[in-house]
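File shown here: coords_20.csv, holding CSV, C-alpha atoms.
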chain,number,residue,atom,x,y,z
A,1,MET,CA,102.0,297.6,20.1
A,2,LEU,CA,101.9,298.2,23.8
A,3,LEU,CA,101.1,301.9,23.8
A,4,GLY,CA,99.7,304.1,21.1
A,5,ILE,CA,102.0,307.1,21.7
A,6,SER,CA,101.4,308.3,18.2
A,7,THR,CA,101.6,312.1,18.6
A,8,ALA,CA,104.8,312.3,20.6
A,9,HIS,CA,106.6,309.8,18.4
A,10,ASP,CA,105.4,311.2,15.1
A,11,VAL,CA,107.1,314.5,15.8
A,12,LEU,CA,110.5,312.8,15.4
A,13,GLY,CA,109.4,310.0,13.1
A,14,ILE,CA,110.3,307.3,15.7
A,15,ALA,CA,108.0,304.3,15.7
A,16,PRO,CA,105.7,303.8,18.7
A,17,LEU,CA,107.0,301.9,21.7
A,18,THR,CA,106.9,298.1,21.1
A,19,ALA,CA,108.2,294.9,22.5
A,20,ARG,CA,110.4,292.8,20.3
A,21,GLU,CA,108.8,289.6,18.9
A,22,SER,CA,110.8,286.4,19.4
A,23,GLY,CA,112.1,285.0,16.1
A,24,GLU,CA,114.4,282.4,14.8
A,25,ARG,CA,117.8,284.2,14.1
A,26,PRO,CA,121.2,282.9,12.9
A,27,GLU,CA,123.4,281.3,15.5
A,28,GLY,CA,120.5,281.1,18.0
A,29,HIS,CA,120.6,284.8,18.9
A,30,ASP,CA,117.4,285.9,20.7
A,31,ARG,CA,115.3,289.0,20.0
A,32,ARG,CA,114.8,290.1,23.6
A,33,GLY,CA,114.5,293.8,23.9
A,34,VAL,CA,112.2,296.7,23.4
A,35,GLY,CA,111.6,299.6,21.0
A,36,SER,CA,112.6,303.1,22.0
A,37,GLN,CA,110.8,306.2,22.9
A,38,ASN,CA,111.8,309.8,23.1
A,39,ARG,CA,110.3,312.8,24.7
A,40,CYS,CA,110.4,313.7,28.4
A,41,ASP,CA,106.8,314.9,28.3
A,42,ILE,CA,105.7,311.2,27.9
A,43,ASN,CA,107.3,310.1,31.1
A,44,PRO,CA,104.1,308.7,32.8
A,45,LEU,CA,103.3,306.6,29.7
A,46,VAL,CA,106.9,305.4,29.4
A,47,LYS,CA,107.0,304.4,33.1
A,48,ALA,CA,103.8,302.4,32.6
A,49,ALA,CA,105.2,300.8,29.5
A,50,THR,CA,108.4,300.0,31.2
A,51,THR,CA,106.5,298.0,33.8
A,52,ILE,CA,104.7,296.1,31.0
A,53,ILE,CA,108.0,295.5,29.2
A,54,THR,CA,109.7,294.3,32.4
A,55,VAL,CA,107.0,291.7,32.9
A,56,GLY,CA,107.3,290.7,29.2
A,57,LEU,CA,111.1,290.3,29.6
A,58,LEU,CA,110.6,288.1,32.6
A,59,PHE,CA,107.7,285.9,31.4
A,60,GLY,CA,106.8,286.6,27.8
A,61,PHE,CA,109.8,286.9,25.6
A,62,SER,CA,112.8,284.7,24.8
A,63,ALA,CA,115.2,284.7,27.7
A,64,ARG,CA,118.2,283.2,25.9
A,65,ALA,CA,121.1,285.6,25.8
A,66,HIS,CA,123.1,286.2,22.6
A,67,PRO,CA,126.9,286.4,22.9
A,68,GLY,CA,128.2,290.0,23.4
A,69,SER,CA,131.1,291.7,21.7
A,70,GLY,CA,132.2,293.2,25.0
A,71,LEU,CA,135.9,293.5,24.7
A,72,ALA,CA,138.3,296.4,25.2
A,73,VAL,CA,142.0,297.1,25.8
A,74,ASP,CA,143.2,300.3,27.5
A,75,ALA,CA,146.4,302.3,27.0
A,76,GLN,CA,148.3,300.2,29.5
A,77,GLY,CA,147.4,297.0,27.7
A,78,ARG,CA,144.9,295.7,30.2
A,79,VAL,CA,142.1,293.7,28.7
A,80,PHE,CA,138.4,294.0,29.8
A,81,PHE,CA,135.7,291.6,28.8
A,82,THR,CA,132.0,291.0,29.8
A,83,ALA,CA,130.7,287.8,31.1
A,84,GLY,CA,127.1,287.7,32.3
A,85,PRO,CA,126.5,290.4,35.0
A,86,MET,CA,130.3,291.0,35.4
A,87,ILE,CA,133.3,292.7,33.8
A,88,VAL,CA,136.7,290.9,34.1
A,89,MET,CA,140.0,292.7,33.8
A,90,VAL,CA,143.1,290.8,32.7
A,91,GLU,CA,146.3,292.5,33.8
A,92,THR,CA,149.4,292.7,31.5
A,93,ASN,CA,151.0,289.9,33.6
A,94,GLY,CA,148.0,287.6,32.8
A,95,VAL,CA,146.3,287.9,36.2
A,96,ALA,CA,142.6,288.2,35.9
A,97,ARG,CA,140.1,289.6,38.4
A,98,THR,CA,136.4,290.5,38.4
A,99,ILE,CA,136.0,294.3,38.7
A,100,VAL,CA,132.2,294.6,38.3
A,101,TYR,CA,129.7,292.1,39.5
A,102,ASP,CA,126.0,292.6,40.0
A,103,ALA,CA,125.1,289.5,41.9
A,104,LYS,CA,121.5,290.5,42.5
A,105,ASN,CA,120.9,291.7,38.9
A,106,GLU,CA,119.8,295.0,40.2
A,107,LYS,CA,121.5,297.0,37.4
A,108,PHE,CA,121.8,294.4,34.7
A,109,TYR,CA,121.5,290.7,33.9
A,110,GLN,CA,124.0,290.2,31.1
A,111,LEU,CA,126.4,292.8,29.8
A,112,HIS,CA,127.1,292.7,26.0
A,113,HIS,CA,129.1,295.7,24.9
A,114,LEU,CA,132.0,297.9,26.0
A,115,GLN,CA,132.6,301.4,24.5
A,116,ARG,CA,135.1,304.2,25.0
A,117,ALA,CA,133.8,307.3,26.7
A,118,PRO,CA,134.6,310.7,25.2
A,119,ASP,CA,137.1,311.4,28.1
A,120,GLY,CA,138.9,308.1,27.5
A,121,GLY,CA,137.1,306.1,30.2
A,122,TRP,CA,135.0,303.0,29.6
A,123,LEU,CA,131.2,302.4,29.2
A,124,THR,CA,128.8,299.5,29.2
A,125,ALA,CA,125.0,299.4,28.8
A,126,SER,CA,122.5,297.7,31.0
A,127,ASP,CA,120.6,295.0,29.0
A,128,VAL,CA,117.5,296.3,30.7
A,129,GLY,CA,118.0,299.4,28.6
A,130,ASP,CA,117.8,302.1,31.2
A,131,VAL,CA,121.4,303.2,31.9
A,132,ILE,CA,124.8,303.4,30.2
A,133,TRP,CA,127.3,302.8,33.0
A,134,ARG,CA,130.8,304.2,33.3
A,135,PHE,CA,133.2,301.9,35.0
A,136,THR,CA,136.8,302.2,36.2
A,137,PRO,CA,139.5,299.5,36.5
A,138,GLU,CA,138.9,299.7,40.2
A,139,GLY,CA,135.3,298.6,39.7
A,140,LYS,CA,133.5,301.9,40.4
A,141,LEU,CA,130.2,302.4,38.6
A,142,SER,CA,128.6,305.7,37.8
A,143,ARG,CA,125.9,306.8,35.4
A,144,PHE,CA,126.9,308.2,32.0
A,145,TYR,CA,123.4,308.2,30.4
A,146,PRO,CA,121.0,309.4,31.5
A,147,PRO,CA,122.8,311.6,34.1
A,148,GLU,CA,122.0,311.2,37.8
A,149,ASN,CA,118.5,312.5,38.7
A,150,ASP,CA,117.6,312.7,35.0
A,151,ASP,CA,114.5,310.6,34.1
A,152,ARG,CA,114.9,310.6,30.3
A,153,PRO,CA,112.6,308.0,28.7
A,154,LEU,CA,114.8,306.7,25.9
A,155,ARG,CA,116.1,303.2,26.3
A,156,VAL,CA,119.6,302.2,25.1
A,157,GLY,CA,121.1,298.7,24.9
A,158,SER,CA,117.8,296.9,25.6
A,159,GLY,CA,118.2,293.1,25.6
A,160,GLY,CA,121.9,293.6,24.5
A,161,ASP,CA,121.3,295.9,21.5
A,162,PRO,CA,124.5,297.5,20.3
A,163,PHE,CA,125.1,301.2,21.1
A,164,ALA,CA,127.9,303.7,20.4
A,165,VAL,CA,129.2,306.9,21.8
A,166,ASP,CA,131.2,309.4,19.7
A,167,ARG,CA,133.8,312.0,20.8
A,168,GLU,CA,131.2,314.7,21.4
A,169,GLY,CA,129.3,312.5,23.8
A,170,ASN,CA,126.4,311.7,21.4
A,171,VAL,CA,124.8,308.4,22.0
A,172,TYR,CA,123.6,306.1,19.2
A,173,ALA,CA,120.9,303.5,19.9
A,174,VAL,CA,118.8,300.9,18.0
A,175,ASN,CA,115.0,301.1,17.7
A,176,SER,CA,113.5,298.1,16.0
A,177,ARG,CA,110.8,295.6,15.8
A,178,GLN,CA,111.4,292.1,14.3
A,179,ASP,CA,110.8,292.1,10.5
A,180,ARG,CA,109.0,295.5,10.7
A,181,PHE,CA,111.5,298.3,11.0
A,182,THR,CA,115.0,299.2,12.2
A,183,GLN,CA,116.2,302.7,13.0
A,184,ILE,CA,119.4,304.2,14.3
A,185,LEU,CA,118.7,307.0,16.9
A,186,LYS,CA,121.1,309.8,17.7
A,187,ILE,CA,120.8,311.3,21.2
A,188,SER,CA,122.8,314.5,21.8
A,189,ALA,CA,124.6,315.1,25.0
A,190,GLU,CA,121.8,317.3,26.2
A,191,GLY,CA,119.2,314.7,25.4
A,192,ARG,CA,117.8,315.7,22.0
A,193,VAL,CA,116.7,312.7,19.9
A,194,ARG,CA,116.4,312.2,16.2
A,195,VAL,CA,116.3,309.3,13.8
A,196,LEU,CA,119.7,309.3,12.0
A,197,ALA,CA,118.9,306.6,9.5
A,198,GLY,CA,116.7,303.6,8.9
A,199,GLY,CA,113.1,302.8,8.2
A,200,ASP,CA,111.5,299.5,7.0
A,201,TRP,CA,113.2,296.2,7.9
A,202,GLY,CA,115.4,295.0,5.0
A,203,PHE,CA,118.6,295.8,3.2
A,204,ALA,CA,119.0,299.0,1.2
A,205,ASP,CA,121.5,301.9,1.1
A,206,GLY,CA,120.3,305.4,1.0
A,207,GLN,CA,119.8,308.5,3.2
A,208,GLY,CA,117.6,308.7,6.3
A,209,ALA,CA,114.4,306.7,6.1
A,210,GLU,CA,115.3,305.4,2.6
A,211,ALA,CA,118.0,303.2,4.1
A,212,LYS,CA,117.0,299.7,5.5
A,213,PHE,CA,118.7,297.6,8.1
A,214,ASP,CA,118.1,294.0,9.0
A,215,ASP,CA,118.9,292.4,12.4
A,216,LEU,CA,121.3,294.6,14.3
A,217,HIS,CA,120.5,293.0,17.7
A,218,GLY,CA,123.4,290.5,17.8
A,219,GLY,CA,125.9,292.8,16.1
A,220,SER,CA,128.1,295.6,17.1
A,221,MET,CA,128.3,299.4,16.5
A,222,ILE,CA,131.3,301.8,16.8
A,223,ALA,CA,131.8,305.5,16.2
A,224,GLY,CA,134.8,306.2,14.0
A,225,PRO,CA,137.2,309.2,14.3
A,226,ASP,CA,135.4,310.8,11.3
A,227,GLY,CA,132.1,310.8,13.1
A,228,ALA,CA,130.6,308.0,11.0
A,229,LEU,CA,129.2,304.8,12.5
A,230,LEU,CA,130.3,301.3,11.5
A,231,LEU,CA,128.0,298.4,12.3
A,232,THR,CA,127.4,294.8,11.4
A,233,ASP,CA,124.0,294.1,9.9
A,234,GLY,CA,122.2,290.8,9.6
A,235,TYR,CA,125.4,288.9,10.4
A,236,ALA,CA,126.2,289.3,6.7
A,237,ARG,CA,127.6,292.8,6.0
A,238,VAL,CA,129.3,295.9,7.4
A,239,ARG,CA,127.4,299.2,6.9
A,240,ARG,CA,128.6,302.8,7.4
A,241,VAL,CA,126.3,305.6,8.6
A,242,ARG,CA,127.6,309.1,8.1
A,243,SER,CA,126.6,312.0,10.2
A,244,ASN,CA,124.2,313.3,7.5
A,245,GLY,CA,122.3,310.0,7.6
A,246,VAL,CA,123.7,308.5,4.4
A,247,VAL,CA,124.1,304.7,4.7
A,248,THR,CA,126.4,302.7,2.5
A,249,THR,CA,127.5,299.1,2.5
A,250,VAL,CA,131.2,298.8,3.1
A,251,ALA,CA,131.4,295.0,2.4
A,252,GLY,CA,129.2,292.0,2.2
A,253,GLY,CA,125.8,291.5,0.6
A,254,ALA,CA,122.3,290.2,1.0
A,255,THR,CA,123.3,286.6,1.7
A,256,ARG,CA,125.7,285.0,4.2
A,257,GLY,CA,128.6,282.9,3.1
A,258,PHE,CA,132.4,283.1,2.8
A,259,ALA,CA,134.2,284.9,0.0
A,260,ASN,CA,137.1,287.4,0.0
A,261,GLY,CA,137.4,290.1,-2.6
A,262,PRO,CA,136.1,293.6,-3.3
A,263,GLY,CA,133.4,294.8,-0.9
A,264,ALA,CA,130.3,293.9,-2.9
A,265,GLU,CA,131.6,290.5,-3.9
A,266,ALA,CA,132.8,289.6,-0.4
A,267,ARG,CA,130.6,287.5,1.9
A,268,PHE,CA,130.5,287.1,5.7
A,269,ASN,CA,129.1,284.2,7.8
A,270,GLY,CA,128.1,285.4,11.2
A,271,ALA,CA,129.6,288.9,11.3
A,272,THR,CA,129.3,290.2,14.9
A,273,GLY,CA,132.1,292.3,16.5
A,274,LEU,CA,134.1,294.9,14.7
A,275,THR,CA,136.8,297.5,15.3
A,276,LEU,CA,138.9,300.0,13.4
A,277,ASP,CA,142.7,300.0,13.4
A,278,ALA,CA,145.1,303.0,13.0
A,279,GLN,CA,145.5,302.4,9.3
A,280,GLY,CA,141.8,302.6,8.6
A,281,ASN,CA,141.3,298.8,8.3
A,282,VAL,CA,138.0,297.4,9.6
A,283,LEU,CA,138.5,294.2,11.5
A,284,VAL,CA,135.4,291.9,11.7
A,285,VAL,CA,134.8,288.9,13.8
A,286,GLU,CA,132.7,286.1,12.3
A,287,PHE,CA,130.9,283.8,14.7
A,288,SER,CA,131.7,281.0,12.4
A,289,GLY,CA,135.3,281.2,13.3
A,290,ARG,CA,137.2,283.7,11.2
A,291,ILE,CA,138.7,287.2,11.6
A,292,ARG,CA,138.3,289.2,8.4
A,293,GLN,CA,139.9,292.5,7.4
A,294,ILE,CA,138.4,295.2,5.1
A,295,ASP,CA,141.1,297.6,3.9
A,296,PRO,CA,140.4,301.3,3.1
A,297,ALA,CA,139.7,300.4,-0.5
A,298,GLY,CA,137.0,298.0,0.6
A,299,VAL,CA,138.8,294.8,-0.2
A,300,VAL,CA,138.1,291.9,2.2
A,301,THR,CA,140.7,289.3,3.2
A,302,THR,CA,140.9,286.7,5.9
A,303,LEU,CA,143.3,287.6,8.7
A,304,ALA,CA,143.0,284.5,10.8
A,305,GLY,CA,141.0,281.4,11.4
A,306,THR,CA,139.8,278.5,9.3
A,307,GLY,CA,136.0,278.7,9.7
A,308,LYS,CA,136.1,275.6,11.9
A,309,ALA,CA,135.3,275.7,15.6
A,310,GLY,CA,138.2,275.1,18.0
A,311,GLY,CA,140.8,276.6,20.2
A,312,LYS,CA,144.0,275.8,18.3
A,313,ASP,CA,146.9,278.3,18.6
A,314,GLY,CA,149.4,278.7,15.8
A,315,PRO,CA,149.9,280.5,12.5
A,316,LEU,CA,147.1,282.9,11.5
A,317,LEU,CA,145.4,280.8,8.9
A,318,ASP,CA,145.9,277.5,10.8
A,319,ALA,CA,144.5,278.7,14.1
A,320,THR,CA,140.9,278.0,15.1
A,321,PHE,CA,138.4,280.0,17.1
A,322,ASP,CA,135.3,278.9,19.1
A,323,GLU,CA,132.4,281.2,18.2
A,324,PRO,CA,134.3,284.5,18.5
A,325,SER,CA,132.1,287.5,19.1
A,326,GLY,CA,134.3,290.5,20.1
A,327,ILE,CA,137.5,292.2,18.9
A,328,ALA,CA,139.7,295.0,20.1
A,329,ILE,CA,143.2,296.5,19.3
A,330,GLY,CA,145.8,297.1,21.9
A,331,PRO,CA,148.1,300.1,22.3
A,332,THR,CA,150.9,298.4,20.3
A,333,GLY,CA,148.7,297.2,17.5
A,334,ASP,CA,148.1,293.7,18.8
A,335,ILE,CA,144.6,292.3,18.1
A,336,PHE,CA,142.5,290.6,20.8
A,337,VAL,CA,139.5,288.4,20.2
A,338,LEU,CA,136.8,287.4,22.7
A,339,GLU,CA,135.3,283.9,22.6
A,340,SER,CA,132.5,284.7,25.0
A,341,GLY,CA,131.1,281.1,25.4
A,342,ALA,CA,134.5,279.8,26.5
A,343,HIS,CA,135.4,283.0,28.4
A,344,ARG,CA,138.6,283.0,26.4
A,345,ILE,CA,140.8,285.8,25.1
A,346,ARG,CA,143.0,285.1,22.0
A,347,LYS,CA,145.8,287.4,20.9
A,348,ILE,CA,147.0,288.0,17.4
A,349,SER,CA,150.5,289.2,17.2
A,350,GLY,CA,153.6,288.5,15.1
A,351,GLY,CA,151.7,286.3,12.6
A,352,ARG,CA,150.4,284.0,15.2
A,353,VAL,CA,147.4,283.4,17.4
A,354,THR,CA,147.9,282.6,21.1
A,355,THR,CA,145.6,282.1,24.1
A,356,LEU,CA,146.0,285.0,26.5
A,357,HIS,CA,143.4,284.0,29.1
A,358,GLN,CA,140.6,281.5,29.7
A,359,GLY,CA,138.0,281.2,32.4
A,360,LEU,CA,136.4,283.4,35.0
A,361,PRO,CA,138.1,284.6,38.2
A,362,PRO,CA,136.3,284.5,41.6
A,363,THR,CA,133.6,287.1,42.1
A,364,PRO,CA,134.1,289.7,44.8
Encoding of this model in structure tokens:
Amino acid sequence: MLLGISTAHDVLGIAPLTARESGERPEGHDRRGVGSQNRCDINPLVKAATTIITVGLLFGFSARAHPGSGLAVDAQGRVFFTAGPMIVMVETNGVARTIVYDAKNEKFYQLHHLQRAPDGGWLTASDVGDVIWRFTPEGKLSRFYPPENDDRPLRVGSGGDPFAVDREGNVYAVNSRQDRFTQILKISAEGRVRVLAGGDWGFADGQGAEAKFDDLHGGSMIAGPDGALLLTDGYARVRRVRSNGVVTTVAGGATRGFANGPGAEARFNGATGLTLDAQGNVLVVEFSGRIRQIDPAGVVTTLAGTGKAGGKDGPLLDATFDEPSGIAIGPTGDIFVLESGAHRIRKISGGRVTTLHQGLPPTP
């Protein structure tokens, strides 16, 4: 514990501010990041803690970056993906250009996630955890959370933690400490904070603090049209968090592996990115090299990939992927997959997997 802010945190039931402990995680993901804090009346303490945390991030904690799920497709079919301190846009004609680049790492070091804003724009979160940035295809950055000239203390996206934003502008963030606790926080558009769900570290369904989550750091989180959150947990399962704090397991179990079938019988091996299609299917990327589909009844099937690493195009179940981490759906229903290590975008359409783009364009 860095600070004993017990009174302020106990009001909302949010654990005191902590730094993440480094730990051995699947696929080499790191545990860089910090716990979260809430009230504006603890700003002096938070600022002091932020200084300590910054030093810890630079010198004391693991500096290895886990792959992000940062992939999005707009209504025009343009593809956006994150790569270190930059965002790349791939035009519909295949031409790629860097639209955001923080060469001096003044705003962020490595971007991990992209989310849709309530007005249809695009958002990304600083891995330092202090700002959610709105960006445009022209590369303009502006603050979404907290607003300009607003010194709210809550940190979102620290170290690449997943975050989500719903249609009403509520922000959802992760507050956790390795092997101790994991909570999902809900921050209203006006800045009110509450613990939506989560308590002790582990795996359990339930409501509020009865529910338990494992490692969310290397996973993804999205807000569905019904207001519920979907997220990947422990690289092994997909969880749903409803607006009343009730947590259920959509598919997967306590152990990692590979098995199709009804939700509780299915197994995932490295579940990271996820998205929701127009038919209500949940599409899940496995870092081990498969794209899985969960239908509305909870039945899991393999959509594409063999589970072996590679970059082979071809029929869905013959194609190979190289550590895929992000997934998004285009305006016509085509599916796009991010292989962040290779800076490669794959496209699933018409029963085949093809390579849309590979590499990074010049920086501005």
**Q.** Selection: 10 Å around Pro137 (chain A), only C-alpha atoms, excl. self and same-chain fewer than 4 positions, as number ranges by chain
**A.** A: 74, 78, 80, 87-89, 98-100, 121-122, 141
Can you pull out the residues contacting region 254-270 of chain A? Cut-off 10 Å, using all atoms listed in the file, and skip same-chain residues under 5 positions away; I want them as a short mmCIF file (atom, residue, chain, number, x, y, z; two decimals) with C-alpha atoms, in the frame of the given file.
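So part24.cif came out as:
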data_model
loop_
_atom_site.label_atom_id
_atom_site.label_comp_id
_atom_site.auth_asym_id
_atom_site.auth_seq_id
_atom_site.Cartn_x
_atom_site.Cartn_y
_atom_site.Cartn_z
CA PRO A 26 121.20 282.90 12.90
CA GLU A 27 123.40 281.30 15.50
CA GLY A 202 115.40 295.00 5.00
CA PHE A 203 118.60 295.80 3.20
CA ALA A 204 119.00 299.00 1.20
CA ASP A 214 118.10 294.00 9.00
CA GLY A 218 123.40 290.50 17.80
CA GLY A 219 125.90 292.80 16.10
CA THR A 232 127.40 294.80 11.40
CA ASP A 233 124.00 294.10 9.90
CA GLY A 234 122.20 290.80 9.60
CA TYR A 235 125.40 288.90 10.40
CA ALA A 236 126.20 289.30 6.70
CA ARG A 237 127.60 292.80 6.00
CA VAL A 238 129.30 295.90 7.40
CA THR A 249 127.50 299.10 2.50
CA VAL A 284 135.40 291.90 11.70
CA VAL A 285 134.80 288.90 13.80
CA GLU A 286 132.70 286.10 12.30
CA PHE A 287 130.90 283.80 14.70
CA SER A 288 131.70 281.00 12.40
CA GLY A 289 135.30 281.20 13.30
CA ARG A 290 137.20 283.70 11.20
CA ARG A 292 138.30 289.20 8.40
CA GLN A 293 139.90 292.50 7.40
CA ILE A 294 138.40 295.20 5.10
CA ASP A 295 141.10 297.60 3.90
CA ALA A 297 139.70 300.40 -0.50
CA GLY A 298 137.00 298.00 0.60
CA VAL A 299 138.80 294.80 -0.20
CA VAL A 300 138.10 291.90 2.20
CA THR A 301 140.70 289.30 3.20
CA THR A 302 140.90 286.70 5.90
CA GLY A 307 136.00 278.70 9.70
CA GLU A 323 132.40 281.20 18.20
CA PRO A 324 134.30 284.50 18.50
CA SER A 325 132.10 287.50 19.10
#
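Between CA of His113 (chain A) and CA of Gly139 (chain A) lies a distance of 16.3 Å.
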(Q) Give me, as JSON, numbers by chain, all polymer residues having an atom no more than 9 Å from region 188-190 of chain A, counting all atoms listed in the file and skipping those fewer than 4 positions away in the same chain. (A) {"A": [145, 168, 169, 170, 171, 172, 194]}
(Q) Here is a test: counting all atoms listed in the file, which residue of A:His357, A:Lys347, A:Lys212, A:His217 is nearest to Arg239 (chain A)? (A) A:Lys212
Q: May I have the residues within 10 Å of Ala342 (chain A) as a list in words, using all atoms listed in the file and disregarding those fewer than 4 positions away in the same chain?
A: Ala83, Gly311, Asp322, Glu323, Pro324, Leu338, Gln358, Gly359 and Leu360 of chain A
Export C-alpha atoms of the chosen residues as an mmCIF file, keeping the file's coordinate frame?
data_model
loop_
_atom_site.group_PDB
_atom_site.id
_atom_site.type_symbol
_atom_site.label_atom_id
_atom_site.label_comp_id
_atom_site.auth_asym_id
_atom_site.auth_seq_id
_atom_site.Cartn_x
_atom_site.Cartn_y
_atom_site.Cartn_z
ATOM 1 C CA ALA A 83 130.700 287.800 31.100
ATOM 2 C CA GLY A 311 140.800 276.600 20.200
ATOM 3 C CA ASP A 322 135.300 278.900 19.100
ATOM 4 C CA GLU A 323 132.400 281.200 18.200
ATOM 5 C CA PRO A 324 134.300 284.500 18.500
ATOM 6 C CA LEU A 338 136.800 287.400 22.700
ATOM 7 C CA GLN A 358 140.600 281.500 29.700
ATOM 8 C CA GLY A 359 138.000 281.200 32.400
ATOM 9 C CA LEU A 360 136.400 283.400 35.000
#
Could you name the residues that touch Lys186 (chain A) at 10 Å or less, counting only C-alpha atoms, but leaving out those on the same chain fewer than 5 positions away, as an mmCIF file with C-alpha atoms, keeping the file's coordinate frame?
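Everything below was put into around_1.cif:
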data_model
loop_
_atom_site.group_PDB
_atom_site.id
_atom_site.type_symbol
_atom_site.label_atom_id
_atom_site.label_comp_id
_atom_site.auth_asym_id
_atom_site.auth_seq_id
_atom_site.Cartn_x
_atom_site.Cartn_y
_atom_site.Cartn_z
ATOM 1 C CA ALA A 164 127.900 303.700 20.400
ATOM 2 C CA VAL A 165 129.200 306.900 21.800
ATOM 3 C CA ASN A 170 126.400 311.700 21.400
ATOM 4 C CA VAL A 171 124.800 308.400 22.000
ATOM 5 C CA TYR A 172 123.600 306.100 19.200
ATOM 6 C CA ALA A 173 120.900 303.500 19.900
ATOM 7 C CA VAL A 174 118.800 300.900 18.000
ATOM 8 C CA GLY A 191 119.200 314.700 25.400
ATOM 9 C CA ARG A 192 117.800 315.700 22.000
ATOM 10 C CA VAL A 193 116.700 312.700 19.900
ATOM 11 C CA ARG A 194 116.400 312.200 16.200
ATOM 12 C CA VAL A 195 116.300 309.300 13.800
ATOM 13 C CA LEU A 196 119.700 309.300 12.000
ATOM 14 C CA ALA A 197 118.900 306.600 9.500
ATOM 15 C CA SER A 243 126.600 312.000 10.200
#
Q | Shortest interatomic distance to Lys312 (chain A) - which of A:Gly245, A:Asp205, A:Ile187, A:Thr355, counting only C-alpha atoms | A | A:Thr355
Around (123.2, 290.3, 37.0) in the file's frame, which residues reach within 10 Å when counting only C-alpha atoms? Return as a PDB file with C-alpha atoms, in the coordinates of the input?
ATOM      1  CA  ALA A  83     130.700 287.800  31.100  1.00  0.00           C
ATOM      2  CA  GLY A  84     127.100 287.700  32.300  1.00  0.00           C
ATOM      3  CA  PRO A  85     126.500 290.400  35.000  1.00  0.00           C
ATOM      4  CA  MET A  86     130.300 291.000  35.400  1.00  0.00           C
ATOM      5  CA  TYR A 101     129.700 292.100  39.500  1.00  0.00           C
ATOM      6  CA  ASP A 102     126.000 292.600  40.000  1.00  0.00           C
ATOM      7  CA  ALA A 103     125.100 289.500  41.900  1.00  0.00           C
ATOM      8  CA  LYS A 104     121.500 290.500  42.500  1.00  0.00           C
ATOM      9  CA  ASN A 105     120.900 291.700  38.900  1.00  0.00           C
ATOM     10  CA  GLU A 106     119.800 295.000  40.200  1.00  0.00           C
ATOM     11  CA  LYS A 107     121.500 297.000  37.400  1.00  0.00           C
ATOM     12  CA  PHE A 108     121.800 294.400  34.700  1.00  0.00           C
ATOM     13  CA  TYR A 109     121.500 290.700  33.900  1.00  0.00           C
ATOM     14  CA  GLN A 110     124.000 290.200  31.100  1.00  0.00           C
ATOM     15  CA  LEU A 111     126.400 292.800  29.800  1.00  0.00           C
ATOM     16  CA  SER A 126     122.500 297.700  31.000  1.00  0.00           C
ATOM     17  CA  ASP A 127     120.600 295.000  29.000  1.00  0.00           C
TER      18      ASP A 127
END
Q) Which of these residues is nearest to Ile335 (chain A), using only C-alpha atoms: A:Gln115, A:Thr275, A:Thr320, A:Thr248? A) A:Thr275
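Reported to one decimal place, the separation of CA of Asp151 (chain A) from CA of Ile222 (chain A) is 25.7 Å.
CA of Leu123 (chain A) is found 22.5 Å from CA of Ala271 (chain A).
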